[in-house]
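Inspection log for the structure reproduced underneath, given as structure tokens.
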Amino acid sequence: MPELLNPWLMSGAALAAVPVIFHLLMRPRPKVLEFPALRFVRARHNANRRQMRLRNLLLLLLRMAVIVLIALALARPTSQNVPGLSGKGDGPVAVALLIDTLPHMDYRYENKSRLDVARETADWLLGQLPEDSQVAVIDSASTASAFQVDRSSAAHYVERLKIDEVGQPLWKQIAPACRLLKTSELPKEIYVLTDLARSAWKSSAESELGKALKDADVTGLYLIDVGVEKPHNFGLGPLKLSAETVSRGSSLSIGTELLAVGPGGQRTVESYLVDRAGQLQKRDEALVDAQADGSVAVSFSLSGLDEGVNQGMVKVLGGDGLTADDSRYFTVVVRPAWRVLIVAPEPRHRQASYLAKAIAPEEYRRAGRAKFTCDIQGYGQLSGVPLDQYAAVYLLDPSPLPDAVWQQLGSFVQGGGGLAVCAGPGAQPLASFNSAAAREVLPAALGFLARHPNGDLYLPADESDHPALARFVPLRGNIAWDNFPIYRHWTLGEAASAMAVVARYSDGLPALVERPIGRGRVLLLDTPISEAPGTADAERWNMLPTGFEPWPFVMLVDQMTLYLVGNSERSFNYQAGQPAVIQLEPDERRPTYLLSRPDRSGEGERVAPDESTLVIPRTEDPGNYRIDAGGEKDRVHLGFSANLPADATQLARVDKDELAQVFGDFKFQLARDRIQVDRVVSSNRVGREWFPYIILALCLAMGFEYLTANRFYREVPDKAA
């Protein structure tokens with residue numbers, strides 16, 4: 001049912017009587033003609049009078065229609081598109097104003113950030129809202145808990161908005177906004193101010209989002225684009241470190257990508273280390289050429305790192321619109337090589353040679369770059385070795401061990417050590433490995449001996465998703481494991497309650513299993529990795545260390561050893577917003593620590609450890625964090641780094657079709673400037689206006705009236721003249 005924005009103006013339709021009055025006053029009167037044949041004149045007069053009456057009636061109706069159409073146009077009739085909205089469009093509404101404040105909104109164009117433009121637009125929107133409207137301003141970090149007191153308090157909140165590094169994508173804020181709007185009895189509208197960055201609209205819950213909008217009875221959803229259609233920017237991708245803990249003398253490899261948005265070009269990328277005075281020292285640089293809307297890999301190798309915590313950054317030079325992605329930060333710890341005890345049967349040095357050379361290559365040991373230092377002992381000396389001086393112990397092809405040795409090994413693991421047992425032909429009789437003392441340490445009992453003389457069994461370690469073998473994941477499917485066949489292995493029997501499978505054979509049976517005990521862990525490999533050189537083929541259990549180019553074996557035992565010493569658990573690099581959890585070594589534990597944040601302002605924060613860990617819950621500021629404790633003689637220096645997530649600074653824009661997928665079948669309006677905003681909001685809140693169509697009809701009526709009047713009243717030339 002059409003409604004009128006200005007119904008009082010319809011009174012102007014009464015002016016349609018004016019043509020009637022003029023018609024009555026100005027109707028033509030018959031002329032008196034002197035003519036002999038009077039009856040013929042009278043007949044002609046009657047015919048002319050009927051014709052004139054018809055013409056005058058048509059003109060009268062056209063002129064009345066012109067006046068009615070003018071009055072109707074001034075009254076602005078509309079037809080409602082959205083049920084429940086005020087036909088006049090001036091009633092109060094409940095509004096949720098969502099403003100993106102993630103780092104990509106800091107992109108500057110024409111000396112304004114996208115957040116600056118969003119603030120200005122939001123301030124203008126608040127001034128356009130009807131009186132007594134309810135308003136809730138929601139940014140990427142806030143929650144939709146209540147409406148603002150009034151529009152002025154909402155405007156003050158908008159004025160104080162700033163970039164939030166760890167906020168939520170905007171699509172996640174719409175559902176809470178709907179829940180708040182649902183509490184209001186007024187017509188409900190949502191305005192979203194966004195730069196349309198694709199990362200802010202990667203919704204995986206489209207149906208739930210559309211359902212939330214419908215359940216809240218939202219009558220208008222408006223997306224207001226405050227972004228730049230074709231942004232230009234260079235930024236760095238996430239850093240990839242070769243390791244977060246490296247041994248003294250080894251080098252650190254850092255990889256990243258230079259990402260170009262727009263036309264691309266050349267940029268210089270530099271790497272820095274923080275010196276003992278806290279100053280950045282340049283270590284290397286690379287000139288990189290990135291293609292338009294593309295990326296190119298960048299890598300650095302840093303050597304000569306000091307023992308202890310080393311922090312630094314990688315930075316791309318050259319100004320652009322967004323600075324938040326120009327720098328990436330890192331922290332690594334350099335420590336002495338871990339001591340590893342290898343216990344092997346006689347001749348022990350020959351039996352342990354494959355493992356020792358794999359985890360501590362001779363050339364690395366000579367150069368001081370080896371991650372591990374290896375001591376080799378026989379089983380006869382094991383009971384007298386002080387295990388607490390080692391980070392990990394390998395038992396290669398162990399023979400039956402006394403209960404006291406199993407108890408000694410259990411205490412070592414309980415205190416945080418790592419134990420690897422590689423069972424082979426020496427594990428007989430099996431009863432000794434399934435005794436009560438052994439079962440307190442081993443992840444599972446040993447079962448029967450499985451044989452595969454045809455060499456059709458192998459150990460695909462790259463198919464495992466266990467964190468101990470995470471370095472194999474990028475190589476998945478590219479390693480020829482069938483070149484390293486398994487001929488014999490022990491099957492596993494009853495498992496301990498906490499046992500987990502690390503890797504399986506190609507037939508699905510467990511090959512490598514683990515068991516956590518206290519602060520340490522035990523790995524059990526049910527085939528040996530020890531073998532005296534020159535062993536006959538018929539006596540071999542596998543070809544893991546002896547196959548063609550056995551680098552997968554080297555990588556396997558390297559990852560196993562790092563897992564045993566706990567290196568995989570120590571993390572010093574986090575995404576901004578994640579809590580940082582620092583595992584403390586026994587010699588690093590102090591009652592309190594002093595935390596210095598990246599801006600290094602103030603005196604720092606006092607934090608206390610929780611047993612063997614130090615937790616920093618707030619890491620929203622990207623950069624390098626320092627942690628210090630103790631005095632000059634027992635000083636402990638730790639640290640970690642926080643970086644923005646890669647999505648937080650992506651400027652690639654989402655299109656309308658992708659937005660339609662986010663909202664499902666719920667209709668939304670997309671506007672770019674204030675004129676478009678006013679148009680779509682008026683159309684949705686007021687309804688569709690008939691004004692253009694009425695003006696078109698008015699023009700047609702006036703034109704038709706003009707043509708008709710000229711045709712009816714044109715003077716006919718006097719033929720007699």
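Labels used: A, B, ... for chains in the order of the structure tokens, numbers from 1 for residues in each chain, and numbers from 1 for ligands as shown.
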
Using backbone DSSP assignments, extract all alpha helix (DSSP H) residues from stretch 381-617 of chain A; output them as JSON, numbers by chain.
{"A": [403, 404, 405, 406, 407, 408, 409, 410, 411, 412, 413, 414, 436, 437, 438, 439, 551, 552, 553, 554, 555, 556, 557, 558, 559, 560, 561, 562, 563, 564]}

As a PyMOL selection string, please: the residues near A:Thr527 (cut-off 8 Å, only C-alpha atoms, same-chain neighbours under 2 positions excluded).
chain A and resi 422-424+488-490+511+525+529+541-542

Which residues, written as a PyMOL selection string, have at least one atom at most 7 Å from stretch 548-564 of chain A, with only C-alpha atoms counted and residues fewer than 3 positions away on the same chain left out?
chain A and resi 358-359+392+418-419+468-469+483+521+544-545+567-568

How would the residues just picked look written out with N, CA, C and O atoms as a PDB file, in the first residue's frame?
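Below you can see part-v3.pdb, which holds the result:
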```
ATOM      1  N   ALA A 358      75.314 -39.464  12.313  1.00  0.00           N
ATOM      2  CA  ALA A 358      74.103 -38.800  11.832  1.00  0.00           C
ATOM      3  C   ALA A 358      73.758 -37.569  12.663  1.00  0.00           C
ATOM      4  O   ALA A 358      73.388 -36.521  12.116  1.00  0.00           O
ATOM      5  N   ILE A 359      73.874 -37.663  13.987  1.00  0.00           N
ATOM      6  CA  ILE A 359      73.450 -36.535  14.826  1.00  0.00           C
ATOM      7  C   ILE A 359      74.595 -35.583  15.155  1.00  0.00           C
ATOM      8  O   ILE A 359      74.342 -34.436  15.558  1.00  0.00           O
ATOM      9  N   ALA A 392      69.930 -36.633  26.717  1.00  0.00           N
ATOM     10  CA  ALA A 392      69.229 -37.775  26.136  1.00  0.00           C
ATOM     11  C   ALA A 392      70.132 -38.996  26.195  1.00  0.00           C
ATOM     12  O   ALA A 392      71.370 -38.888  26.197  1.00  0.00           O
ATOM     13  N   GLY A 418      65.511 -37.499  28.103  1.00  0.00           N
ATOM     14  CA  GLY A 418      64.886 -38.222  27.008  1.00  0.00           C
ATOM     15  C   GLY A 418      65.572 -39.551  26.801  1.00  0.00           C
ATOM     16  O   GLY A 418      66.808 -39.644  26.810  1.00  0.00           O
ATOM     17  N   LEU A 419      64.788 -40.617  26.625  1.00  0.00           N
ATOM     18  CA  LEU A 419      65.324 -41.969  26.456  1.00  0.00           C
ATOM     19  C   LEU A 419      64.774 -42.555  25.170  1.00  0.00           C
ATOM     20  O   LEU A 419      63.554 -42.519  24.937  1.00  0.00           O
ATOM     21  N   ALA A 468      57.018 -34.622  16.670  1.00  0.00           N
ATOM     22  CA  ALA A 468      58.419 -35.055  16.630  1.00  0.00           C
ATOM     23  C   ALA A 468      58.945 -35.147  15.212  1.00  0.00           C
ATOM     24  O   ALA A 468      60.160 -35.046  14.985  1.00  0.00           O
ATOM     25  N   LEU A 469      58.063 -35.335  14.233  1.00  0.00           N
ATOM     26  CA  LEU A 469      58.476 -35.498  12.835  1.00  0.00           C
ATOM     27  C   LEU A 469      57.902 -34.386  11.966  1.00  0.00           C
ATOM     28  O   LEU A 469      57.695 -34.580  10.765  1.00  0.00           O
ATOM     29  N   ASN A 483      63.368 -47.464  -0.633  1.00  0.00           N
ATOM     30  CA  ASN A 483      64.804 -47.731  -0.778  1.00  0.00           C
ATOM     31  C   ASN A 483      65.458 -48.127   0.543  1.00  0.00           C
ATOM     32  O   ASN A 483      66.645 -48.463   0.565  1.00  0.00           O
ATOM     33  N   ARG A 521      60.438 -38.033  28.406  1.00  0.00           N
ATOM     34  CA  ARG A 521      59.697 -38.921  27.524  1.00  0.00           C
ATOM     35  C   ARG A 521      60.589 -40.069  27.071  1.00  0.00           C
ATOM     36  O   ARG A 521      61.825 -39.970  27.082  1.00  0.00           O
ATOM     37  N   LEU A 544      67.747 -48.897   7.056  1.00  0.00           N
ATOM     38  CA  LEU A 544      67.534 -47.485   7.347  1.00  0.00           C
ATOM     39  C   LEU A 544      68.826 -46.677   7.273  1.00  0.00           C
ATOM     40  O   LEU A 544      68.870 -45.633   6.605  1.00  0.00           O
ATOM     41  N   PRO A 545      69.913 -47.116   7.941  1.00  0.00           N
ATOM     42  CA  PRO A 545      71.139 -46.304   7.877  1.00  0.00           C
ATOM     43  C   PRO A 545      72.064 -46.655   6.718  1.00  0.00           C
ATOM     44  O   PRO A 545      73.054 -45.959   6.503  1.00  0.00           O
ATOM     45  N   ASN A 567      63.886 -29.857  22.746  1.00  0.00           N
ATOM     46  CA  ASN A 567      64.048 -28.637  21.963  1.00  0.00           C
ATOM     47  C   ASN A 567      62.775 -28.249  21.233  1.00  0.00           C
ATOM     48  O   ASN A 567      62.486 -27.075  21.032  1.00  0.00           O
ATOM     49  N   SER A 568      61.979 -29.235  20.828  1.00  0.00           N
ATOM     50  CA  SER A 568      60.764 -28.923  20.088  1.00  0.00           C
ATOM     51  C   SER A 568      59.719 -28.241  20.962  1.00  0.00           C
ATOM     52  O   SER A 568      58.760 -27.667  20.460  1.00  0.00           O
TER      53      SER A 568
END
```

Find the residues around stretch 157-159 of chain A up to 12 Å (only C-alpha atoms counted), leave out those fewer than 4 positions away in its own chain, and share them as a short mmCIF file (atom, residue, chain, number, x, y, z; two decimals) with N, CA and C atoms, in the first residue's frame.
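Produced file around04.cif, reproduced below:
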```cif
data_model
loop_
_atom_site.label_atom_id
_atom_site.label_comp_id
_atom_site.auth_asym_id
_atom_site.auth_seq_id
_atom_site.Cartn_x
_atom_site.Cartn_y
_atom_site.Cartn_z
N LEU A 97 26.79 -0.06 14.92
CA LEU A 97 27.79 0.55 14.04
C LEU A 97 29.10 -0.21 14.22
N LEU A 98 29.43 -1.07 13.26
CA LEU A 98 30.64 -1.90 13.33
C LEU A 98 31.76 -1.23 12.55
N ILE A 99 32.92 -1.07 13.19
CA ILE A 99 34.05 -0.39 12.56
C ILE A 99 35.28 -1.29 12.66
N ASP A 100 35.86 -1.61 11.50
CA ASP A 100 37.05 -2.45 11.45
C ASP A 100 38.25 -1.66 12.00
N THR A 101 38.96 -2.23 12.97
CA THR A 101 40.14 -1.56 13.53
C THR A 101 41.38 -2.45 13.47
N LEU A 115 41.15 4.03 8.84
CA LEU A 115 40.44 4.24 10.10
C LEU A 115 40.01 5.69 10.25
N ASP A 116 40.85 6.63 9.77
CA ASP A 116 40.46 8.05 9.80
C ASP A 116 39.20 8.27 8.98
N VAL A 117 39.15 7.66 7.79
CA VAL A 117 37.97 7.81 6.93
C VAL A 117 36.76 7.16 7.60
N ALA A 118 36.97 6.02 8.25
CA ALA A 118 35.86 5.35 8.93
C ALA A 118 35.33 6.20 10.07
N ARG A 119 36.23 6.86 10.82
CA ARG A 119 35.78 7.74 11.90
C ARG A 119 34.91 8.88 11.36
N GLU A 120 35.39 9.52 10.29
CA GLU A 120 34.64 10.63 9.72
C GLU A 120 33.27 10.17 9.22
N THR A 121 33.24 9.03 8.55
CA THR A 121 31.97 8.51 8.04
C THR A 121 31.03 8.14 9.17
N ALA A 122 31.58 7.53 10.22
CA ALA A 122 30.74 7.15 11.37
C ALA A 122 30.17 8.39 12.05
N ASP A 123 30.98 9.43 12.18
CA ASP A 123 30.49 10.66 12.80
C ASP A 123 29.36 11.26 11.97
N TRP A 124 29.48 11.24 10.65
CA TRP A 124 28.42 11.74 9.77
C TRP A 124 27.16 10.87 9.90
N LEU A 125 27.34 9.55 9.95
CA LEU A 125 26.20 8.65 10.08
C LEU A 125 25.43 8.91 11.36
N LEU A 126 26.15 9.11 12.45
CA LEU A 126 25.47 9.36 13.73
C LEU A 126 24.63 10.62 13.66
N VAL A 135 22.05 3.39 19.80
CA VAL A 135 23.27 3.18 19.02
C VAL A 135 24.27 2.37 19.84
N ALA A 136 24.88 1.36 19.19
CA ALA A 136 25.99 0.60 19.77
C ALA A 136 27.15 0.66 18.80
N VAL A 137 28.30 1.17 19.24
CA VAL A 137 29.50 1.22 18.41
C VAL A 137 30.38 0.04 18.79
N ILE A 138 30.74 -0.76 17.80
CA ILE A 138 31.50 -1.99 18.04
C ILE A 138 32.71 -1.99 17.12
N ASP A 139 33.91 -2.15 17.69
CA ASP A 139 35.11 -2.26 16.86
C ASP A 139 35.60 -3.70 16.88
N SER A 142 36.12 -4.85 20.66
CA SER A 142 35.10 -4.73 21.69
C SER A 142 34.02 -5.79 21.52
N PHE A 147 24.00 -0.71 24.48
CA PHE A 147 23.94 0.48 23.65
C PHE A 147 24.62 1.64 24.38
N GLN A 148 25.17 2.58 23.58
CA GLN A 148 25.71 3.79 24.17
C GLN A 148 24.57 4.62 24.80
N VAL A 149 24.93 5.49 25.72
CA VAL A 149 23.91 6.28 26.42
C VAL A 149 23.13 7.14 25.43
N ASP A 150 23.84 7.81 24.54
CA ASP A 150 23.19 8.64 23.53
C ASP A 150 24.14 8.77 22.35
N ARG A 151 23.71 9.55 21.35
CA ARG A 151 24.54 9.68 20.15
C ARG A 151 25.84 10.42 20.41
N SER A 152 25.84 11.33 21.34
CA SER A 152 27.07 12.07 21.64
C SER A 152 28.12 11.16 22.27
N SER A 153 27.69 10.27 23.16
CA SER A 153 28.64 9.33 23.76
C SER A 153 29.14 8.34 22.71
N LEU A 193 31.55 -0.46 8.64
CA LEU A 193 32.55 0.38 7.97
C LEU A 193 33.82 -0.45 7.80
#
```

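Considering only C-alpha atoms, the residue among A:Gly91, A:Gly227, A:Pro467, A:Gly167 positioned nearest to A:Ala671 is A:Gly227.
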
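With atom CA of A:Val192 on one side and atom CA of A:Asp132 on the other, the separation reads 20.9 Å.
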
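Atom pair atom CA of A:Ile675 / atom CA of A:Lys162: separated by 26.3 Å.
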
Excluding same-chain residues fewer than 3 positions from stretch 232-242 of chain A, what lies within 6 Å of it counting only C-alpha atoms, as a list in words?
Ser253, Ile254, Gly255, Thr256, Glu257, Leu258, Leu259, Ala260, Val261, Gly262, Asp320, Asp325 and Asp326 of chain A

Go through A:Gln408, A:Gln281, A:Gln291, A:Ser530 and flag the residue nearest A:Leu382, using only C-alpha atoms for the distances.
A:Gln408

Go through stretch 283-319 of chain A residue by residue and, counting only C-alpha atoms, keep those with an atom at most 10 Å from stretch 609-633 of chain A; for each kept residue give the shortest atom pair and its distance in Å to one decimal, ordered by chain and increasing number, as a Markdown table.
```
| residue | atom | partner | partner_atom | distance |
| --- | --- | --- | --- | --- |
| A:Val309 | CA | A:Arg626 | CA | 9.4 |
| A:Gln311 | CA | A:Asn624 | CA | 6.9 |
| A:Gly312 | CA | A:Asn624 | CA | 7.6 |
| A:Met313 | CA | A:Gly623 | CA | 8.4 |
```

Could you please write out, as a ChimeraX atom specification, every residue of stretch 508-644 of chain A that DSSP assigns to strand (DSSP E)?
/A:510-517,520-525,573-575,580-583,593-596,605-607,613-616,623-629,636-643
